[in-house]
$ cat work-v6.pdb   # PDB, C-alpha atoms and all ligand atoms
ATOM      1  CA  MET K   4       0.000   0.000   0.000  1.00  0.00           C
ATOM      2  CA  LYS K   5       1.212   3.494  -0.809  1.00  0.00           C
ATOM      3  CA  GLU K   6       2.036   5.692   2.173  1.00  0.00           C
ATOM      4  CA  VAL K   7       0.793   9.290   1.856  1.00  0.00           C
ATOM      5  CA  PRO K   8       2.071  11.099   4.989  1.00  0.00           C
ATOM      6  CA  GLU K   9       1.014  14.528   3.705  1.00  0.00           C
ATOM      7  CA  THR K  10      -2.691  13.683   3.820  1.00  0.00           C
ATOM      8  CA  VAL K  11      -4.988  13.450   6.799  1.00  0.00           C
ATOM      9  CA  VAL K  12      -8.152  11.348   7.016  1.00  0.00           C
ATOM     10  CA  CYS K  13     -11.048  12.621   9.141  1.00  0.00           C
ATOM     11  CA  PRO K  14     -11.811  10.010  11.843  1.00  0.00           C
ATOM     12  CA  GLY K  15     -15.434  11.210  11.912  1.00  0.00           C
ATOM     13  CA  CYS K  16     -16.465  11.057   8.250  1.00  0.00           C
ATOM     14  CA  ASP K  17     -13.486   9.565   6.342  1.00  0.00           C
ATOM     15  CA  ALA K  18     -12.957  12.674   4.202  1.00  0.00           C
ATOM     16  CA  VAL K  19      -9.340  13.031   3.010  1.00  0.00           C
ATOM     17  CA  TYR K  20      -7.529  16.375   3.204  1.00  0.00           C
ATOM     18  CA  SER K  21      -4.022  17.487   2.370  1.00  0.00           C
ATOM     19  CA  ARG K  22      -2.163  18.460   5.535  1.00  0.00           C
ATOM     20  CA  ALA K  23      -1.681  22.207   5.952  1.00  0.00           C
ATOM     21  CA  PRO K  24       1.128  23.582   8.164  1.00  0.00           C
ATOM     22  CA  LEU K  25      -0.314  24.794  11.475  1.00  0.00           C
ATOM     23  CA  LYS K  26       0.780  27.807  13.471  1.00  0.00           C
ATOM     24  CA  PRO K  27       1.162  27.580  17.284  1.00  0.00           C
ATOM     25  CA  ARG K  28      -2.190  27.053  19.021  1.00  0.00           C
ATOM     26  CA  ASP K  29      -3.895  26.287  15.677  1.00  0.00           C
ATOM     27  CA  VAL K  30      -6.455  23.496  15.597  1.00  0.00           C
ATOM     28  CA  ALA K  31      -7.679  22.089  12.286  1.00  0.00           C
ATOM     29  CA  HIS K  32     -11.267  20.860  12.089  1.00  0.00           C
ATOM     30  CA  CYS K  33     -13.030  18.908   9.372  1.00  0.00           C
ATOM     31  CA  PRO K  34     -15.227  21.429   7.491  1.00  0.00           C
ATOM     32  CA  ARG K  35     -17.728  18.666   6.775  1.00  0.00           C
ATOM     33  CA  CYS K  36     -18.387  17.151  10.228  1.00  0.00           C
ATOM     34  CA  GLY K  37     -16.395  19.355  12.626  1.00  0.00           C
ATOM     35  CA  THR K  38     -14.139  16.566  14.009  1.00  0.00           C
ATOM     36  CA  GLU K  39     -10.693  17.717  15.134  1.00  0.00           C
ATOM     37  CA  LEU K  40      -8.141  16.668  12.502  1.00  0.00           C
ATOM     38  CA  ASP K  41      -4.862  18.005  13.819  1.00  0.00           C
ATOM     39  CA  ARG K  42      -3.439  20.521  16.260  1.00  0.00           C
ATOM     40  CA  HIS K  43      -0.084  22.236  16.580  1.00  0.00           C
ATOM     41  CA  PRO K  44       2.021  20.209  19.042  1.00  0.00           C
ATOM     42  CA  GLY K  45       3.478  23.338  20.657  1.00  0.00           C
ATOM     43  CA  GLN K  46       6.231  22.497  23.147  1.00  0.00           C
ATOM     44  CA  GLN K  47       4.801  19.012  23.801  1.00  0.00           C
ATOM     45  CA  GLU K  48       7.698  17.139  22.164  1.00  0.00           C
ATOM     46  CA  ARG K  49      10.236  19.002  24.309  1.00  0.00           C
ATOM     47  CA  ARG K  50       8.258  18.471  27.520  1.00  0.00           C
ATOM     48  CA  ILE K  51       7.325  14.818  27.273  1.00  0.00           C
ATOM     49  CA  LEU K  52      10.758  13.287  28.026  1.00  0.00           C
ATOM     50  CA  PRO K  53      11.425  15.406  31.185  1.00  0.00           C
ATOM     51  CA  LEU K  54       7.838  14.713  32.281  1.00  0.00           C
ATOM     52  CA  THR K  55       8.334  10.960  31.789  1.00  0.00           C
ATOM     53  CA  VAL K  56      11.535  11.023  33.896  1.00  0.00           C
ATOM     54  CA  ALA K  57       9.723  13.036  36.603  1.00  0.00           C
ATOM     55  CA  CYS K  58       6.875  10.475  36.511  1.00  0.00           C
ATOM     56  CA  LEU K  59       9.364   7.617  37.022  1.00  0.00           C
ATOM     57  CA  ILE K  60      10.865   9.407  40.063  1.00  0.00           C
ATOM     58  CA  MET K  61       7.369  10.027  41.524  1.00  0.00           C
ATOM     59  CA  PHE K  62       6.479   6.408  40.784  1.00  0.00           C
ATOM     60  CA  ALA K  63       9.509   5.235  42.792  1.00  0.00           C
ATOM     61  CA  ILE K  64       8.596   7.506  45.752  1.00  0.00           C
ATOM     62  CA  ALA K  65       4.950   6.394  45.559  1.00  0.00           C
ATOM     63  CA  ASN K  66       5.980   2.751  45.806  1.00  0.00           C
ATOM     64  CA  LEU K  67       8.857   2.914  48.281  1.00  0.00           C
ATOM     65  CA  PHE K  68       7.349   5.142  50.972  1.00  0.00           C
ATOM     66  CA  PRO K  69       4.244   4.567  53.115  1.00  0.00           C
ATOM     67  CA  ILE K  70       0.917   5.846  51.775  1.00  0.00           C
ATOM     68  CA  VAL K  71      -0.740   6.414  55.158  1.00  0.00           C
ATOM     69  CA  GLU K  72       0.124   5.991  58.795  1.00  0.00           C
ATOM     70  CA  ILE K  73      -2.725   5.130  61.124  1.00  0.00           C
ATOM     71  CA  GLU K  74      -2.530   5.559  64.896  1.00  0.00           C
ATOM     72  CA  LEU K  75      -5.225   3.943  67.011  1.00  0.00           C
ATOM     73  CA  GLN K  76      -5.018   3.648  70.815  1.00  0.00           C
ATOM     74  CA  GLY K  77      -1.249   3.970  70.789  1.00  0.00           C
ATOM     75  CA  LEU K  78      -0.813   1.416  68.025  1.00  0.00           C
ATOM     76  CA  ARG K  79       0.877   2.683  64.892  1.00  0.00           C
ATOM     77  CA  SER K  80       0.473   1.019  61.532  1.00  0.00           C
ATOM     78  CA  GLN K  81       1.688   2.113  58.132  1.00  0.00           C
ATOM     79  CA  THR K  82       1.528   0.597  54.691  1.00  0.00           C
ATOM     80  CA  THR K  83       3.045   0.937  51.253  1.00  0.00           C
ATOM     81  CA  LEU K  84       1.247   0.121  48.012  1.00  0.00           C
ATOM     82  CA  ALA K  85       2.952  -3.288  47.790  1.00  0.00           C
ATOM     83  CA  GLY K  86       2.036  -3.839  51.467  1.00  0.00           C
ATOM     84  CA  ALA K  87      -1.625  -3.180  50.594  1.00  0.00           C
ATOM     85  CA  VAL K  88      -1.448  -5.784  47.817  1.00  0.00           C
ATOM     86  CA  VAL K  89       0.087  -8.341  50.211  1.00  0.00           C
ATOM     87  CA  ALA K  90      -2.551  -7.531  52.874  1.00  0.00           C
ATOM     88  CA  LEU K  91      -5.367  -7.996  50.347  1.00  0.00           C
ATOM     89  CA  THR K  92      -3.942 -11.376  49.339  1.00  0.00           C
ATOM     90  CA  ALA K  93      -3.675 -12.396  53.015  1.00  0.00           C
ATOM     91  CA  GLU K  94      -7.346 -11.437  53.517  1.00  0.00           C
ATOM     92  CA  GLY K  95      -8.287 -13.860  50.732  1.00  0.00           C
ATOM     93  CA  MET K  96      -9.042 -11.120  48.177  1.00  0.00           C
ATOM     94  CA  SER K  97      -6.542 -12.328  45.602  1.00  0.00           C
ATOM     95  CA  LEU K  98      -8.531 -11.034  42.619  1.00  0.00           C
ATOM     96  CA  VAL K  99      -8.738  -7.506  44.063  1.00  0.00           C
ATOM     97  CA  ALA K 100      -5.025  -7.708  44.954  1.00  0.00           C
ATOM     98  CA  LEU K 101      -4.223  -8.731  41.384  1.00  0.00           C
ATOM     99  CA  LEU K 102      -6.283  -5.830  39.997  1.00  0.00           C
ATOM    100  CA  VAL K 103      -4.565  -3.325  42.308  1.00  0.00           C
ATOM    101  CA  LEU K 104      -1.163  -4.756  41.370  1.00  0.00           C
ATOM    102  CA  ALA K 105      -1.915  -4.590  37.633  1.00  0.00           C
ATOM    103  CA  THR K 106      -3.690  -1.220  37.421  1.00  0.00           C
ATOM    104  CA  THR K 107      -1.621   0.813  39.881  1.00  0.00           C
ATOM    105  CA  ILE K 108       1.849  -0.748  39.706  1.00  0.00           C
ATOM    106  CA  LEU K 109       2.407  -2.976  36.685  1.00  0.00           C
ATOM    107  CA  PHE K 110       0.654  -1.192  33.809  1.00  0.00           C
ATOM    108  CA  PRO K 111       1.637   2.398  34.735  1.00  0.00           C
ATOM    109  CA  PHE K 112       5.248   1.249  35.241  1.00  0.00           C
ATOM    110  CA  LEU K 113       5.271  -0.575  31.895  1.00  0.00           C
ATOM    111  CA  GLN K 114       3.823   2.500  30.168  1.00  0.00           C
ATOM    112  CA  LEU K 115       6.496   4.758  31.671  1.00  0.00           C
ATOM    113  CA  CYS K 116       9.295   2.316  30.780  1.00  0.00           C
ATOM    114  CA  ILE K 117       8.064   2.047  27.168  1.00  0.00           C
ATOM    115  CA  LEU K 118       7.810   5.853  26.959  1.00  0.00           C
ATOM    116  CA  ALA K 119      11.370   6.312  28.257  1.00  0.00           C
ATOM    117  CA  TYR K 120      12.664   3.573  25.944  1.00  0.00           C
ATOM    118  CA  LEU K 121      11.007   5.272  22.947  1.00  0.00           C
ATOM    119  CA  LEU K 122      11.755   8.890  23.805  1.00  0.00           C
ATOM    120  CA  ILE K 123      15.436   8.728  24.778  1.00  0.00           C
ATOM    121  CA  PRO K 124      16.601   7.419  21.341  1.00  0.00           C
ATOM    122  CA  LEU K 125      14.021   9.616  19.535  1.00  0.00           C
ATOM    123  CA  SER K 126      15.492  12.717  21.203  1.00  0.00           C
ATOM    124  CA  ARG K 127      18.778  11.746  19.518  1.00  0.00           C
ATOM    125  CA  GLU K 128      17.038  11.285  16.151  1.00  0.00           C
ATOM    126  CA  HIS K 129      17.365   7.527  16.344  1.00  0.00           C
ATOM    127  CA  ARG K 130      14.415   5.148  16.008  1.00  0.00           C
ATOM    128  CA  PRO K 131      14.525   2.406  18.704  1.00  0.00           C
ATOM    129  CA  VAL K 132      14.179  -1.301  17.884  1.00  0.00           C
ATOM    130  CA  GLY K 133      10.559  -2.480  18.015  1.00  0.00           C
ATOM    131  CA  PHE K 134       9.235   1.092  17.665  1.00  0.00           C
ATOM    132  CA  ALA K 135       5.919   0.236  15.918  1.00  0.00           C
ATOM    133  CA  LEU K 136       5.137  -2.648  18.272  1.00  0.00           C
ATOM    134  CA  LEU K 137       5.835  -0.589  21.404  1.00  0.00           C
ATOM    135  CA  VAL K 138       3.776   2.435  20.292  1.00  0.00           C
ATOM    136  CA  ARG K 139       0.857   0.063  19.714  1.00  0.00           C
ATOM    137  CA  ALA K 140       1.477  -1.728  23.040  1.00  0.00           C
ATOM    138  CA  MET K 141       1.415   1.616  24.851  1.00  0.00           C
ATOM    139  CA  GLN K 142      -1.922   2.467  23.258  1.00  0.00           C
ATOM    140  CA  SER K 143      -3.404  -0.842  24.394  1.00  0.00           C
ATOM    141  CA  LEU K 144      -2.049  -0.393  27.954  1.00  0.00           C
ATOM    142  CA  ARG K 145      -3.523   3.108  28.274  1.00  0.00           C
ATOM    143  CA  PRO K 146      -7.033   2.147  29.495  1.00  0.00           C
ATOM    144  CA  TRP K 147      -5.543  -0.192  32.129  1.00  0.00           C
ATOM    145  CA  GLY K 148      -3.618   2.375  34.143  1.00  0.00           C
ATOM    146  CA  MET K 149      -5.958   3.442  36.970  1.00  0.00           C
ATOM    147  CA  ILE K 150      -3.783   5.365  39.404  1.00  0.00           C
ATOM    148  CA  GLU K 151      -6.423   8.121  39.715  1.00  0.00           C
ATOM    149  CA  VAL K 152      -9.103   5.573  40.703  1.00  0.00           C
ATOM    150  CA  PHE K 153      -6.779   4.178  43.376  1.00  0.00           C
ATOM    151  CA  LEU K 154      -5.968   7.689  44.635  1.00  0.00           C
ATOM    152  CA  LEU K 155      -9.665   8.512  44.916  1.00  0.00           C
ATOM    153  CA  GLY K 156     -10.215   5.287  46.902  1.00  0.00           C
ATOM    154  CA  VAL K 157      -7.355   6.129  49.280  1.00  0.00           C
ATOM    155  CA  LEU K 158      -8.686   9.664  49.837  1.00  0.00           C
ATOM    156  CA  VAL K 159     -12.184   8.361  50.617  1.00  0.00           C
ATOM    157  CA  ALA K 160     -10.682   5.783  53.027  1.00  0.00           C
ATOM    158  CA  ILE K 161      -8.587   8.485  54.768  1.00  0.00           C
ATOM    159  CA  VAL K 162     -11.639  10.738  55.250  1.00  0.00           C
ATOM    160  CA  LYS K 163     -13.691   7.818  56.626  1.00  0.00           C
ATOM    161  CA  LEU K 164     -10.919   6.582  58.921  1.00  0.00           C
ATOM    162  CA  SER K 165     -10.059  10.028  60.273  1.00  0.00           C
ATOM    163  CA  SER K 166     -13.152   9.940  62.513  1.00  0.00           C
ATOM    164  CA  MET K 167     -11.960   6.691  64.139  1.00  0.00           C
ATOM    165  CA  ALA K 168      -8.185   7.017  64.258  1.00  0.00           C
ATOM    166  CA  SER K 169      -5.494   9.579  63.634  1.00  0.00           C
ATOM    167  CA  VAL K 170      -4.483   9.263  59.986  1.00  0.00           C
ATOM    168  CA  VAL K 171      -1.272  10.844  58.712  1.00  0.00           C
ATOM    169  CA  PRO K 172      -0.792  10.947  54.923  1.00  0.00           C
ATOM    170  CA  GLY K 173       2.606   9.487  53.996  1.00  0.00           C
ATOM    171  CA  PRO K 174       5.073  10.792  51.368  1.00  0.00           C
ATOM    172  CA  ALA K 175       3.739   8.226  48.872  1.00  0.00           C
ATOM    173  CA  LEU K 176       0.294   9.840  48.941  1.00  0.00           C
ATOM    174  CA  TRP K 177       1.708  13.225  47.842  1.00  0.00           C
ATOM    175  CA  ALA K 178       3.807  11.441  45.223  1.00  0.00           C
ATOM    176  CA  PHE K 179       0.670   9.664  43.983  1.00  0.00           C
ATOM    177  CA  MET K 180      -1.118  13.000  43.613  1.00  0.00           C
ATOM    178  CA  ALA K 181       1.774  14.475  41.615  1.00  0.00           C
ATOM    179  CA  LEU K 182       2.039  11.278  39.572  1.00  0.00           C
ATOM    180  CA  THR K 183      -1.677  11.363  38.704  1.00  0.00           C
ATOM    181  CA  VAL K 184      -1.414  14.917  37.334  1.00  0.00           C
ATOM    182  CA  MET K 185       1.872  14.324  35.463  1.00  0.00           C
ATOM    183  CA  LEU K 186       0.791  10.970  34.061  1.00  0.00           C
ATOM    184  CA  THR K 187      -2.364  12.588  32.668  1.00  0.00           C
ATOM    185  CA  ALA K 188      -0.174  15.167  30.891  1.00  0.00           C
ATOM    186  CA  VAL K 189       2.198  12.486  29.570  1.00  0.00           C
ATOM    187  CA  LEU K 190      -0.535  10.139  28.379  1.00  0.00           C
ATOM    188  CA  SER K 191      -2.421  12.939  26.633  1.00  0.00           C
ATOM    189  CA  PHE K 192       0.498  13.081  24.185  1.00  0.00           C
ATOM    190  CA  ASP K 193      -0.853  12.446  20.693  1.00  0.00           C
ATOM    191  CA  PRO K 194       0.359   8.971  19.607  1.00  0.00           C
ATOM    192  CA  GLY K 195       0.461  10.251  16.021  1.00  0.00           C
ATOM    193  CA  ALA K 196       3.254  12.609  17.123  1.00  0.00           C
ATOM    194  CA  PHE K 197       5.505   9.589  17.902  1.00  0.00           C
ATOM    195  CA  TRP K 198       5.328   8.594  14.252  1.00  0.00           C
ATOM    196  CA  GLY K 199       6.064  12.172  13.248  1.00  0.00           C
ATOM    197  CA  MET K 200       9.119  12.209  15.557  1.00  0.00           C
ATOM    198  CA  ALA K 201      10.361   8.811  14.365  1.00  0.00           C
ATOM    199  CA  PHE K 202       9.997   9.483  10.651  1.00  0.00           C
ATOM    200  CA  ARG K 203      10.990  13.156  10.600  1.00  0.00           C
ATOM    201  CA  PRO K 204      13.937  13.780   8.242  1.00  0.00           C
ATOM    202  CA  LYS K 205      17.185  13.887  10.232  1.00  0.00           C
ATOM    203  CA  GLY K 206      18.401  17.309  11.291  1.00  0.00           C
ATOM    204  CA  GLU K 207      14.988  18.932  11.080  1.00  0.00           C
ATOM    205  CA  ALA K 208      14.394  21.113  14.128  1.00  0.00           C
ATOM    206  CA  LEU K 209      11.566  20.523  16.561  1.00  0.00           C
ATOM    207  CA  PRO K 210       8.540  22.702  15.850  1.00  0.00           C
ATOM    208  CA  ASP K 211       9.095  25.928  17.727  1.00  0.00           C
ATOM    209  CA  GLU K 212       6.430  27.953  19.438  1.00  0.00           C
ATOM    210  CA  GLY K 213       6.824  31.491  18.051  1.00  0.00           C
ATOM    211  CA  ALA K 214       7.334  33.856  20.966  1.00  0.00           C
ATOM    212  CA  GLY K 215       5.623  36.756  19.235  1.00  0.00           C
ATOM    213  CA  GLU K 216       2.611  34.757  18.035  1.00  0.00           C
ATOM    214  CA  GLY K 217      -0.674  35.853  19.542  1.00  0.00           C
ATOM    215  CA  ALA K 218      -3.466  33.422  20.258  1.00  0.00           C
ATOM    216  CA  ASN K 219      -4.789  32.177  16.942  1.00  0.00           C
ATOM    217  CA  ASP K 220      -8.437  31.491  16.658  1.00  0.00           C
ATOM    218  CA  GLU K 221      -9.506  27.975  15.826  1.00  0.00           C
ATOM    219  CA  LYS K 222      -8.808  27.473  12.189  1.00  0.00           C
ATOM    220  CA  GLY K 223     -11.002  25.730   9.655  1.00  0.00           C
ATOM    221  CA  GLY K 224     -10.026  22.381   8.163  1.00  0.00           C
ATOM    222  CA  ALA K 225      -6.937  21.764   6.096  1.00  0.00           C
ATOM    223  CA  SER K 226      -7.256  22.582   2.430  1.00  0.00           C
ATOM    224  CA  ALA K 227      -9.329  20.010   0.610  1.00  0.00           C
TER     225      ALA K 227
HETATM  226 ZN    ZN M 301     -15.174  14.835   8.962  1.00  0.00          ZN
END
$ encode --input "work-v6.pdb" --output "structure tokens"
Amino acid sequence: MKEVPETVVCPGCDAVYSRAPLKPRDVAHCPRCGTELDRHPGQQERRILPLTVACLIMFAIANLFPIVEIELQGLRSQTTLAGAVVALTAEGMSLVALLVLATTILFPFLQLCILAYLLIPLSREHRPVGFALLVRAMQSLRPWGMIEVFLLGVLVAIVKLSSMASVVPGPALWAFMALTVMLTAVLSFDPGAFWGMAFRPKGEALPDEGAGEGANDEKGGASA
């Protein structure tokens, strides 16, 4: 099949347009059905690698330090995320433990590792081995990372427990909050941009956000 990288197909109505260069903050919409076709990446490509590294650091803190410390009648008890998984298994809730392990530790960690593996060589204009497979794998892992759901559960538990015992949020809880926000930013990166980065002619500069550019209004679709 012939590859036509300079065209864009509307995901909403299948109309084909030739790709027009976008200015910073420009968004191209399909004139026929209004679906978003493309948007200027801005500084996203420059930010995603530092954000991924920061996510990995937060992930380490979130897993190594205690999430909460509970004090009840002089008895202190604290737990880490892995400790919660072990406790769930010990209580006979192996399926829940497996889900917590997969959605809050395994899948987010895999996603971050794949991102780092892809982005470090790409920043040096080198396409890593297994590029296509890993970009697809990352897309399929995306719905399985549920750190925000876990965080919400922990916050509800802390509020409920605080009436019965003294609950002190641990460093991991703050790290989880930061991780949730940063991971959302990292995972909102357009997967199409990976292909653009990997197949960009060598030596071509990253798209720069013009300092003097004012806010452009939303632009109509690319030329038909
Ligand atoms: Zn359309």
$ resolve_selection --input "work-v6.pdb" --expression "the PyMOL selection byres (((chain K and resi 84) around 9) and not hetatm)" --output "number ranges by chain"
K: 65-70, 82-83, 85-89, 103-104, 107-108, 175
$ residues_around --input "work-v6.pdb" --residues "Pro146 (chain K)" --least-positions-apart "4" --cutoff "12 Å" --atoms "all atoms listed in the file" --output "PDB file with C-alpha atoms, in the coordinates of the input"
ATOM      1  CA  ALA K 105      -1.915  -4.590  37.633  1.00  0.00           C
ATOM      2  CA  THR K 106      -3.690  -1.220  37.421  1.00  0.00           C
ATOM      3  CA  THR K 107      -1.621   0.813  39.881  1.00  0.00           C
ATOM      4  CA  PHE K 110       0.654  -1.192  33.809  1.00  0.00           C
ATOM      5  CA  PRO K 111       1.637   2.398  34.735  1.00  0.00           C
ATOM      6  CA  GLN K 114       3.823   2.500  30.168  1.00  0.00           C
ATOM      7  CA  ALA K 140       1.477  -1.728  23.040  1.00  0.00           C
ATOM      8  CA  MET K 141       1.415   1.616  24.851  1.00  0.00           C
ATOM      9  CA  GLN K 142      -1.922   2.467  23.258  1.00  0.00           C
ATOM     10  CA  ILE K 150      -3.783   5.365  39.404  1.00  0.00           C
ATOM     11  CA  GLU K 151      -6.423   8.121  39.715  1.00  0.00           C
ATOM     12  CA  VAL K 152      -9.103   5.573  40.703  1.00  0.00           C
ATOM     13  CA  THR K 187      -2.364  12.588  32.668  1.00  0.00           C
ATOM     14  CA  LEU K 190      -0.535  10.139  28.379  1.00  0.00           C
TER      15      LEU K 190
END
$ atom_distance --input "work-v6.pdb" --atom1 "CA of Ile73 (chain K)" --atom2 "CA of Leu182 (chain K)"
22.9 Å
$ resolve_selection --input "work-v6.pdb" --expression "the PyMOL selection byres (((not hetatm)) within 8 of (chain M and resi 301))" --output "PDB file with C-alpha atoms, in the frame of the given file"
ATOM      1  CA  CYS K  13     -11.048  12.621   9.141  1.00  0.00           C
ATOM      2  CA  PRO K  14     -11.811  10.010  11.843  1.00  0.00           C
ATOM      3  CA  GLY K  15     -15.434  11.210  11.912  1.00  0.00           C
ATOM      4  CA  CYS K  16     -16.465  11.057   8.250  1.00  0.00           C
ATOM      5  CA  ASP K  17     -13.486   9.565   6.342  1.00  0.00           C
ATOM      6  CA  ALA K  18     -12.957  12.674   4.202  1.00  0.00           C
ATOM      7  CA  HIS K  32     -11.267  20.860  12.089  1.00  0.00           C
ATOM      8  CA  CYS K  33     -13.030  18.908   9.372  1.00  0.00           C
ATOM      9  CA  PRO K  34     -15.227  21.429   7.491  1.00  0.00           C
ATOM     10  CA  ARG K  35     -17.728  18.666   6.775  1.00  0.00           C
ATOM     11  CA  CYS K  36     -18.387  17.151  10.228  1.00  0.00           C
ATOM     12  CA  GLY K  37     -16.395  19.355  12.626  1.00  0.00           C
ATOM     13  CA  THR K  38     -14.139  16.566  14.009  1.00  0.00           C
TER      14      THR K  38
END
$ closest_residue --input "work-v6.pdb" --among "K:Ala100, K:Ala31, K:Leu109, K:Leu121" --to "Pro194 (chain K)" --atoms "all atoms listed in the file"
K:Leu121
$ residues_around --input "work-v6.pdb" --residues "Val184 (chain K)" --least-positions-apart "5" --cutoff "10 Å" --atoms "only C-alpha atoms" --output "ChimeraX atom specification"
/K:58,151,179,189
$ residues_around --input "work-v6.pdb" --residues "Ala57 (chain K)" --least-positions-apart "2" --cutoff "12 Å" --atoms "all atoms listed in the file" --output "list of chain:residue names"
K:Arg50, K:Ile51, K:Leu52, K:Pro53, K:Leu54, K:Thr55, K:Leu59, K:Ile60, K:Met61, K:Phe62, K:Ala63, K:Ile64, K:Leu115, K:Ala119, K:Ala178, K:Ala181, K:Leu182, K:Thr183, K:Val184, K:Met185, K:Leu186, K:Ala188, K:Val189
$ resolve_selection --input "work-v6.pdb" --expression "the PyMOL selection byres (((chain K and resi 168) around 7) and not hetatm)" --output "VMD selection string"
chain K and resid 73 to 75 164 to 167 169 to 170
$ atom_distance --input "work-v6.pdb" --atom1 "CA of Glu72 (chain K)" --atom2 "CA of Val56 (chain K)"
27.8 Å
$ closest_residue --input "work-v6.pdb" --among "K:Ser143, K:Leu125, K:Ala160, K:Arg42" --to "Pro24 (chain K)" --atoms "only C-alpha atoms"
K:Arg42
$ closest_residue --input "work-v6.pdb" --among "K:Ala93, K:Val71, K:Ile117, K:Leu155" --to "Pro174 (chain K)" --atoms "only C-alpha atoms"
K:Val71
$ atom_distance --input "work-v6.pdb" --atom1 "CA of Gly148 (chain K)" --atom2 "CA of His43 (chain K)"
26.7 Å
$ axis_aligned_box --input "work-v6.pdb" --around "region 167-179 of chain K" --padding-each-side "8 Å" --output "JSON"
{"center_x": -3.4, "center_y": 10.0, "center_z": 54.1, "size_x": 33.0, "size_y": 22.5, "size_z": 36.3}
$ residues_around --input "work-v6.pdb" --residues "Arg203 (chain K)" --least-positions-apart "6" --cutoff "12 Å" --atoms "all atoms listed in the file" --output "JSON, numbers by chain"
{"K": [8, 125, 126, 127, 128, 129, 130, 196, 197, 209, 210]}
$ write_last_selection --input "work-v6.pdb" --atoms "C-alpha atoms" --output "PDB file, in the coordinates of the input"
ATOM      1  CA  PRO K   8       2.071  11.099   4.989  1.00  0.00           C
ATOM      2  CA  LEU K 125      14.021   9.616  19.535  1.00  0.00           C
ATOM      3  CA  SER K 126      15.492  12.717  21.203  1.00  0.00           C
ATOM      4  CA  ARG K 127      18.778  11.746  19.518  1.00  0.00           C
ATOM      5  CA  GLU K 128      17.038  11.285  16.151  1.00  0.00           C
ATOM      6  CA  HIS K 129      17.365   7.527  16.344  1.00  0.00           C
ATOM      7  CA  ARG K 130      14.415   5.148  16.008  1.00  0.00           C
ATOM      8  CA  ALA K 196       3.254  12.609  17.123  1.00  0.00           C
ATOM      9  CA  PHE K 197       5.505   9.589  17.902  1.00  0.00           C
ATOM     10  CA  LEU K 209      11.566  20.523  16.561  1.00  0.00           C
ATOM     11  CA  PRO K 210       8.540  22.702  15.850  1.00  0.00           C
TER      12      PRO K 210
END
